[in-house]
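K.L.:
Sharing a structure here in C-alpha cells format.
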Amino acid sequence: MGKHKAPFLNNEVLSLIENNKTPEQRLWIGVLAQAFSDAFKSTDERAAMDALRWIRHGQDFNYVCHLAGRNGDYIKARMLDKVVERESSIIMKRFHNQKGIDNVIKLKIAQKQKEILEPKKKRKNWKNVADFNWLPKYGHDYVDR
C-alpha cells in the first residue's frame, strides 16, 4: 500500500481561493495560460516570439492580468529571466540557421565561379561512334590464328 500524505493547509486555502473565481476570471486565466504555453512550449518560433513580446512589452498584458485577478507587475518580475532566456535561445537558433544558409549560398556562388573560370572538358559525342570507321579494316583473306 502506498503512503498517504496529508495535504498542507496552504494547498486547501489555495484551492478554495481558486474555486471562488468568476467565469470571466477563469477565462482570462486561460488567456494567460495560453500565452505562457505559446511562449515556452510552442515549437512555432514566430508564435513563441509574439507571445514573449506580448508578455514583456504588451500594453494590455497588465490589464489582462488584472481581469484574471493577478498582479501583472509581479508576474513580469517573476518571469522576466525566463522570458529573456527563451527569447535569446530563439534568436540564437535563427542566427545559426541564417549563418548555415549563408554558408550554403557562399558555396553555391564559389561553385558557379569555378564553373565560369575553368573551361569544361569536351565530352565525346557517343552518337557518332556507331559508324565504326575507327575500327581497323581487314580483308577477306585475313585469318585469325
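Residues are named by chain letter and number: chains run A, B, ... in the order of the C-alpha cells, numbers start at 1 in each chain, and ligands are numbered from 1 in the order shown.
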Write out as JSON lines a residue-level contact list of stretch 16-69 of chain A versus stretch 80-86 of chain A with cut-off 10 Å: for each qualifying residue the closest pair of atoms and the distance in Å to one decimal, counting only C-alpha atoms, rows sorted by chain and residue number upward.
P.N.:
```
{"residue": "A:Phe36", "atom": "CA", "partner": "A:Val83", "partner_atom": "CA", "distance": 9.5}
{"residue": "A:Ala39", "atom": "CA", "partner": "A:Arg86", "partner_atom": "CA", "distance": 8.0}
{"residue": "A:Phe40", "atom": "CA", "partner": "A:Arg86", "partner_atom": "CA", "distance": 7.1}
{"residue": "A:Ala48", "atom": "CA", "partner": "A:Arg86", "partner_atom": "CA", "distance": 8.8}
{"residue": "A:Met49", "atom": "CA", "partner": "A:Arg86", "partner_atom": "CA", "distance": 8.8}
{"residue": "A:Ala51", "atom": "CA", "partner": "A:Val83", "partner_atom": "CA", "distance": 9.7}
{"residue": "A:Leu52", "atom": "CA", "partner": "A:Val83", "partner_atom": "CA", "distance": 6.3}
{"residue": "A:Arg53", "atom": "CA", "partner": "A:Val83", "partner_atom": "CA", "distance": 8.8}
{"residue": "A:Ile55", "atom": "CA", "partner": "A:Val83", "partner_atom": "CA", "distance": 8.1}
{"residue": "A:Arg56", "atom": "CA", "partner": "A:Leu80", "partner_atom": "CA", "distance": 7.4}
```
K.L.:
Produce a file of the selected residues containing C-alpha atoms, as a short mmCIF file (atom, residue, chain, number, x, y, z; two decimals), in the first residue's frame.
P.N.:
```cif
data_model
loop_
_atom_site.label_atom_id
_atom_site.label_comp_id
_atom_site.auth_asym_id
_atom_site.auth_seq_id
_atom_site.Cartn_x
_atom_site.Cartn_y
_atom_site.Cartn_z
CA PHE A 36 2.69 31.28 -21.47
CA ALA A 39 5.81 31.40 -25.22
CA PHE A 40 7.56 28.46 -23.58
CA ALA A 48 6.61 31.98 -29.35
CA MET A 49 8.27 35.32 -30.14
CA ALA A 51 3.80 35.64 -27.06
CA LEU A 52 7.10 36.59 -25.43
CA ARG A 53 6.88 40.08 -26.88
CA ILE A 55 4.32 39.24 -22.09
CA ARG A 56 7.33 41.53 -21.97
#
```
K.L.:
What gap, in Å, lies between atom CA of A:Asn62 and atom CA of A:Trp28?
P.N.:
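Separation of atom CA of A:Asn62 and atom CA of A:Trp28: 11.5 Å.
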K.L.:
Mind listing the alpha helix (DSSP H) residues of stretch 5-101 of chain A, per DSSP on the backbone, as number ranges by chain?
P.N.:
A: 9-19, 23-41, 45-57, 61-67, 72-101
K.L.:
Distance atom CA of A:Glu24-atom CA of A:Ala68, one decimal place?
P.N.:
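Result for atom CA of A:Glu24 versus atom CA of A:Ala68: 7.6 Å, one decimal.
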K.L.:
Calculated over only C-alpha atoms, which of the candidates A:Glu45, A:Lys106, A:Leu32, A:Gly100 has the smallest distance to A:Asp60?
P.N.:
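For A:Asp60, the nearest of the given residues is A:Leu32.
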K.L.:
Excluding A:Pro23 and any residue of its chain fewer than 6 positions from it, enumerate the residues within 12 Å of it, using only C-alpha atoms, and give them as an mmCIF file with C-alpha atoms, in the first residue's frame.
P.N.:
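Produced file around_9.cif, reproduced below:
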```cif
data_model
loop_
_atom_site.group_PDB
_atom_site.id
_atom_site.type_symbol
_atom_site.label_atom_id
_atom_site.label_comp_id
_atom_site.auth_asym_id
_atom_site.auth_seq_id
_atom_site.Cartn_x
_atom_site.Cartn_y
_atom_site.Cartn_z
ATOM 1 C CA ILE A 29 -6.558 32.983 -16.565
ATOM 2 C CA GLY A 30 -6.944 30.695 -19.579
ATOM 3 C CA LEU A 67 -9.003 40.842 -15.298
ATOM 4 C CA ALA A 68 -7.601 37.431 -14.311
ATOM 5 C CA GLY A 69 -7.184 38.552 -10.706
#
```
K.L.:
With only C-alpha atoms as the atoms that count, which of A:Lys93, A:Arg26, A:Lys121, A:Lys99 lies nearest to A:His66?
P.N.:
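Once distances to A:His66 are computed over only C-alpha atoms, the minimum belongs to A:Arg26.
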K.L.:
Pick the closest to A:Lys76 from A:Ile90, A:His96, A:Gln111, A:Trp54: which is it, counting only C-alpha atoms?
P.N.:
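Looking at the shortest contact to A:Lys76, the residue is A:Trp54.
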K.L.:
Would you mind reading off the distance between atom CA of A:Glu87 and atom CA of A:Ala33, one decimal, in Å?
P.N.:
18.0 Å
